[in-house]
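Since the structure comes first, as structure tokens, the remarks are kept for the end.
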Amino acid sequence: MAREPLSVVVTTFNNVDTLGACLDSVRFADEIVVLDSGSTDGTRELASAKGARVHEQPFAGYSAQKQAAIDLATHRWVLLLDSDEALPAAAADAVARALDTPAVAGFVLLRREWVFWRWQPRRARLNHYVRLFDRSRARMSGHEVHESVVVDGPVRRLDAVLDHYGERDIAGRVDKANRYSSLQVRDRRTRRPSFLKARMVVYPTVAFLRYYLWRGHWRGGWAGFVAARVHAFYAFLKYAKLYERERSGGQRDIVGGAERGDE
């Protein structure tokens, strides 16, 4: 029996530096759909040269933009990638095999992170996300940030690891922390966390220890330490910005740093 045809879906904005490796890693797919939001660096031209079907629309937010890209796919089964991710050969084989007889509605893939100047250590915990799914039974969560695929049906973990190149330097990671913390405040327009000031004091330390010790990034030397510190700063910013909004009486919505970044 032939495998289910596959659409690979990628959203982009000025990602010419990483998109080529991403698209090269999924050449086995039956189609590649790229939805761009106004790139000026040759991203769309590169995607076309790599054989992708390229569309363009203004950025609608991370979740909505990805849903729009998914809706452009021709096939029922979709592999959703970020433009700075790539499938190693073993992961590509695992994805292709999974589509031979997909008895579930979606598959979870693990993701290995590039941390500044090195890959995360082998025994550090890997992030995991639903990325391969039957789009007739799935949708994006709708969150402003940390958006995810919500699947109506059983999900199984696939023996496949994505490579994520992410932020190549500390400045990029700090910029992302600032942008994402602002988007987290937008997500919580109608929800005020309890003990907000206590969270602002305590939670950054909890976030650091969880990332550095529990998730095992202490094995990554100084790269892991710096990443854990930035993660703690992100945790602080979320609650500090919520407190700022509260002190302003809700009159000042948090917008600084919330603009679109690289997809």
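Numbering starts fresh at 1 for the residues of each chain in the structure tokens, the chains themselves are lettered A, B, ... in the order given, and ligands are numbered from 1 as they appear.
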Got a sec: who's within 7 Å of Glu85 (chain A), counting only C-alpha atoms, leaving out chain neighbours fewer than 2 positions off, as a PDB file with C-alpha atoms, in the first residue's frame?
ATOM      1  CA  CYS A  22      14.880  23.348   6.053  1.00  0.00           C
ATOM      2  CA  LEU A  81       8.052  23.066  10.371  1.00  0.00           C
ATOM      3  CA  ASP A  82       9.570  26.363  11.417  1.00  0.00           C
ATOM      4  CA  SER A  83      11.950  27.895   8.891  1.00  0.00           C
ATOM      5  CA  LEU A 162      14.129  17.659  14.586  1.00  0.00           C
ATOM      6  CA  ASP A 163      17.135  19.942  14.525  1.00  0.00           C
ATOM      7  CA  HIS A 164      16.275  23.495  15.624  1.00  0.00           C
ATOM      8  CA  TYR A 165      18.846  26.198  14.985  1.00  0.00           C
TER       9      TYR A 165
END
Contact residues around region 41-50 of chain A with only C-alpha atoms at 6 Å, ignoring same-chain residues under 3 positions, as a list in words: Asn14, Asn15 and Val16 of chain A
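Taking only C-alpha atoms into account, Glu147 (chain A) lies nearest to A:Gln184 out of the set A:Gln184, A:Thr12, A:Gln120, A:Thr101.
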Length of the CA of Ala240 (chain A) to CA of Arg112 (chain A) vector [Å]: 29.9 Å
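Going from CA of Arg53 (chain A) over to CA of Asp159 (chain A), you cover 28.4 Å.
Put simply, CA of Phe28 (chain A) is 15.7 Å away from CA of Ala73 (chain A).
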Residues within 12 Å of Gly224 (chain A), only C-alpha atoms, excluding chain neighbours under 2 positions, as number ranges by chain: A: 113-121, 124, 170, 208-209, 211-213, 215-222, 226-231
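With only C-alpha atoms taken into account, the protein and nucleic acid residues at most 9 Å from Ser7 (chain A) (excluding it and anything under 3 positions from it in its own chain) are A:Ala29, A:Asp30, A:Glu31, A:Ile32, A:Val33, A:Ile70, A:Ala73, A:Thr74, A:His75, A:Arg76, A:Trp77, A:Val78, A:Leu79, A:Leu80.
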With all heavy atoms retained, could you export that selection as a tab-separated table (two decimals), in the first residue's frame?
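Generated output (part.tsv):
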chain	number	residue	atom	x	y	z
A	29	ALA	N	8.86	15.03	0.42
A	29	ALA	CA	7.44	15.36	0.54
A	29	ALA	C	6.79	15.50	-0.83
A	29	ALA	O	7.46	15.79	-1.84
A	29	ALA	CB	7.28	16.66	1.33
A	30	ASP	N	5.49	15.32	-0.87
A	30	ASP	CA	4.74	15.43	-2.13
A	30	ASP	C	4.50	16.88	-2.52
A	30	ASP	O	4.30	17.19	-3.70
A	30	ASP	CB	3.42	14.68	-2.01
A	30	ASP	CG	3.64	13.19	-1.75
A	30	ASP	OD1	3.92	12.47	-2.71
A	30	ASP	OD2	3.58	12.78	-0.57
A	31	GLU	N	4.48	17.77	-1.53
A	31	GLU	CA	4.43	19.20	-1.82
A	31	GLU	C	4.99	19.96	-0.63
A	31	GLU	O	4.96	19.48	0.51
A	31	GLU	CB	3.01	19.69	-2.14
A	31	GLU	CG	2.11	19.81	-0.94
A	31	GLU	CD	0.83	20.60	-1.24
A	31	GLU	OE1	0.70	21.19	-2.32
A	31	GLU	OE2	-0.05	20.61	-0.35
A	32	ILE	N	5.52	21.14	-0.91
A	32	ILE	CA	6.00	22.04	0.13
A	32	ILE	C	5.28	23.37	-0.06
A	32	ILE	O	5.31	23.94	-1.15
A	32	ILE	CB	7.52	22.25	0.05
A	32	ILE	CG1	8.26	20.91	0.21
A	32	ILE	CG2	7.99	23.22	1.13
A	32	ILE	CD1	9.76	21.02	-0.01
A	33	VAL	N	4.64	23.82	1.00
A	33	VAL	CA	3.89	25.08	0.97
A	33	VAL	C	4.59	26.08	1.89
A	33	VAL	O	4.84	25.79	3.06
A	33	VAL	CB	2.44	24.88	1.45
A	33	VAL	CG1	1.70	26.22	1.46
A	33	VAL	CG2	1.72	23.87	0.57
A	70	ILE	N	-1.47	25.97	6.92
A	70	ILE	CA	-2.01	24.61	6.92
A	70	ILE	C	-3.20	24.50	5.99
A	70	ILE	O	-3.36	23.53	5.25
A	70	ILE	CB	-2.38	24.19	8.36
A	70	ILE	CG1	-1.12	24.04	9.22
A	70	ILE	CG2	-3.19	22.88	8.36
A	70	ILE	CD1	-1.40	23.96	10.71
A	73	ALA	N	-2.55	23.72	2.33
A	73	ALA	CA	-2.02	22.42	1.93
A	73	ALA	C	-3.04	21.66	1.09
A	73	ALA	O	-4.25	21.76	1.28
A	73	ALA	CB	-1.67	21.61	3.17
A	74	THR	N	-2.54	20.88	0.16
A	74	THR	CA	-3.38	20.07	-0.71
A	74	THR	C	-3.73	18.73	-0.07
A	74	THR	O	-4.84	18.21	-0.22
A	74	THR	CB	-2.67	19.80	-2.05
A	74	THR	OG1	-2.40	21.05	-2.68
A	74	THR	CG2	-3.51	18.94	-2.97
A	75	HIS	N	-2.77	18.15	0.66
A	75	HIS	CA	-2.95	16.80	1.19
A	75	HIS	C	-3.44	16.81	2.63
A	75	HIS	O	-3.30	17.81	3.35
A	75	HIS	CB	-1.63	16.03	1.08
A	75	HIS	CG	-1.10	15.98	-0.32
A	75	HIS	ND1	-1.80	15.43	-1.36
A	75	HIS	CD2	0.07	16.44	-0.85
A	75	HIS	CE1	-1.11	15.53	-2.48
A	75	HIS	NE2	0.04	16.15	-2.19
A	76	ARG	N	-4.00	15.68	3.03
A	76	ARG	CA	-4.59	15.57	4.37
A	76	ARG	C	-3.53	15.54	5.46
A	76	ARG	O	-3.71	16.12	6.53
A	76	ARG	CB	-5.46	14.30	4.42
A	76	ARG	CG	-6.30	14.16	5.67
A	76	ARG	CD	-7.43	13.15	5.46
A	76	ARG	NE	-6.93	11.83	5.11
A	76	ARG	CZ	-6.77	10.84	5.99
A	76	ARG	NH1	-7.06	11.02	7.24
A	76	ARG	NH2	-6.32	9.67	5.59
A	77	TRP	N	-2.40	14.87	5.18
A	77	TRP	CA	-1.34	14.79	6.19
A	77	TRP	C	-0.34	15.91	5.99
A	77	TRP	O	0.11	16.18	4.88
A	77	TRP	CB	-0.64	13.43	6.12
A	77	TRP	CG	-1.44	12.41	6.88
A	77	TRP	CD1	-2.45	11.62	6.40
A	77	TRP	CD2	-1.32	12.11	8.27
A	77	TRP	NE1	-2.97	10.84	7.40
A	77	TRP	CE2	-2.29	11.11	8.57
A	77	TRP	CE3	-0.50	12.56	9.30
A	77	TRP	CZ2	-2.45	10.58	9.85
A	77	TRP	CZ3	-0.65	12.03	10.57
A	77	TRP	CH2	-1.62	11.07	10.84
A	78	VAL	N	-0.03	16.59	7.10
A	78	VAL	CA	0.80	17.79	7.09
A	78	VAL	C	1.96	17.62	8.07
A	78	VAL	O	1.78	17.13	9.19
A	78	VAL	CB	-0.03	19.03	7.48
A	78	VAL	CG1	0.86	20.21	7.83
A	78	VAL	CG2	-0.98	19.42	6.35
A	79	LEU	N	3.14	18.03	7.64
A	79	LEU	CA	4.29	18.18	8.52
A	79	LEU	C	4.54	19.68	8.66
A	79	LEU	O	4.85	20.35	7.68
A	79	LEU	CB	5.52	17.49	7.94
A	79	LEU	CG	6.83	17.67	8.73
A	79	LEU	CD1	6.75	17.03	10.11
A	79	LEU	CD2	8.02	17.10	7.94
A	80	LEU	N	4.38	20.21	9.86
A	80	LEU	CA	4.53	21.63	10.12
A	80	LEU	C	5.94	21.89	10.66
A	80	LEU	O	6.32	21.35	11.70
A	80	LEU	CB	3.49	22.09	11.14
A	80	LEU	CG	3.54	23.55	11.59
A	80	LEU	CD1	3.24	24.49	10.42
A	80	LEU	CD2	2.56	23.79	12.74
Per-residue DSSP, region 30-151 of chain A, filtered to alpha helix (DSSP H), as a PyMOL selection string: chain A and resi 43-49+62-71+89-98
Go ahead and write the selection's residues with C-alpha atoms as a PDB file, in the first residue's frame.
ATOM      1  CA  THR A  43      13.230  34.272   1.167  1.00  0.00           C
ATOM      2  CA  ARG A  44      10.375  33.874  -1.320  1.00  0.00           C
ATOM      3  CA  GLU A  45      12.736  33.553  -4.265  1.00  0.00           C
ATOM      4  CA  LEU A  46      14.764  30.892  -2.453  1.00  0.00           C
ATOM      5  CA  ALA A  47      11.593  28.955  -1.571  1.00  0.00           C
ATOM      6  CA  SER A  48      10.472  29.003  -5.209  1.00  0.00           C
ATOM      7  CA  ALA A  49      13.898  27.842  -6.371  1.00  0.00           C
ATOM      8  CA  TYR A  62       1.960  33.128  15.032  1.00  0.00           C
ATOM      9  CA  SER A  63      -0.982  30.776  15.498  1.00  0.00           C
ATOM     10  CA  ALA A  64      -3.248  32.319  12.866  1.00  0.00           C
ATOM     11  CA  GLN A  65      -0.428  32.507  10.313  1.00  0.00           C
ATOM     12  CA  LYS A  66       0.391  28.835  10.754  1.00  0.00           C
ATOM     13  CA  GLN A  67      -3.274  27.883  10.503  1.00  0.00           C
ATOM     14  CA  ALA A  68      -3.558  29.833   7.264  1.00  0.00           C
ATOM     15  CA  ALA A  69      -0.534  27.968   5.908  1.00  0.00           C
ATOM     16  CA  ILE A  70      -2.007  24.606   6.924  1.00  0.00           C
ATOM     17  CA  ASP A  71      -5.245  25.513   5.145  1.00  0.00           C
ATOM     18  CA  ALA A  89      17.940  11.818   7.380  1.00  0.00           C
ATOM     19  CA  ALA A  90      16.865   9.412  10.144  1.00  0.00           C
ATOM     20  CA  ALA A  91      13.931  11.644  11.072  1.00  0.00           C
ATOM     21  CA  ALA A  92      12.881  12.003   7.431  1.00  0.00           C
ATOM     22  CA  ASP A  93      12.840   8.197   7.118  1.00  0.00           C
ATOM     23  CA  ALA A  94      10.762   7.899  10.299  1.00  0.00           C
ATOM     24  CA  VAL A  95       8.214  10.421   9.000  1.00  0.00           C
ATOM     25  CA  ALA A  96       7.917   8.605   5.671  1.00  0.00           C
ATOM     26  CA  ARG A  97       7.446   5.248   7.432  1.00  0.00           C
ATOM     27  CA  ALA A  98       4.796   6.673   9.743  1.00  0.00           C
TER      28      ALA A  98
END
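Here the DSSP assignment of strand (DSSP E or B), based on backbone atoms, applies within region 159-188 of chain A to Asp159, Ala160, Val161, Leu162, Asp163 and His164 of chain A.
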Residues of the last selection are to be written out with N, CA and C atoms, as an mmCIF file, in the first residue's frame.
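For reference, result01.cif as written:
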data_model
loop_
_atom_site.group_PDB
_atom_site.id
_atom_site.type_symbol
_atom_site.label_atom_id
_atom_site.label_comp_id
_atom_site.auth_asym_id
_atom_site.auth_seq_id
_atom_site.Cartn_x
_atom_site.Cartn_y
_atom_site.Cartn_z
ATOM 1 N N ASP A 159 9.682 8.168 16.610
ATOM 2 C CA ASP A 159 11.113 8.078 16.882
ATOM 3 C C ASP A 159 11.862 8.943 15.867
ATOM 4 N N ALA A 160 11.734 10.251 16.050
ATOM 5 C CA ALA A 160 12.320 11.216 15.117
ATOM 6 C C ALA A 160 12.678 12.482 15.880
ATOM 7 N N VAL A 161 13.842 13.044 15.574
ATOM 8 C CA VAL A 161 14.322 14.245 16.249
ATOM 9 C C VAL A 161 14.579 15.339 15.228
ATOM 10 N N LEU A 162 13.894 16.469 15.404
ATOM 11 C CA LEU A 162 14.129 17.659 14.586
ATOM 12 C C LEU A 162 15.379 18.381 15.068
ATOM 13 N N ASP A 163 16.073 19.017 14.151
ATOM 14 C CA ASP A 163 17.135 19.942 14.525
ATOM 15 C C ASP A 163 16.584 21.368 14.458
ATOM 16 N N HIS A 164 16.756 22.108 15.562
ATOM 17 C CA HIS A 164 16.275 23.495 15.624
ATOM 18 C C HIS A 164 17.461 24.423 15.862
#
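Nearest to Tyr203 (chain A) of all the residues A:Arg179, A:Asp187, A:Tyr234, A:Leu72 is A:Tyr234, counting only C-alpha atoms.
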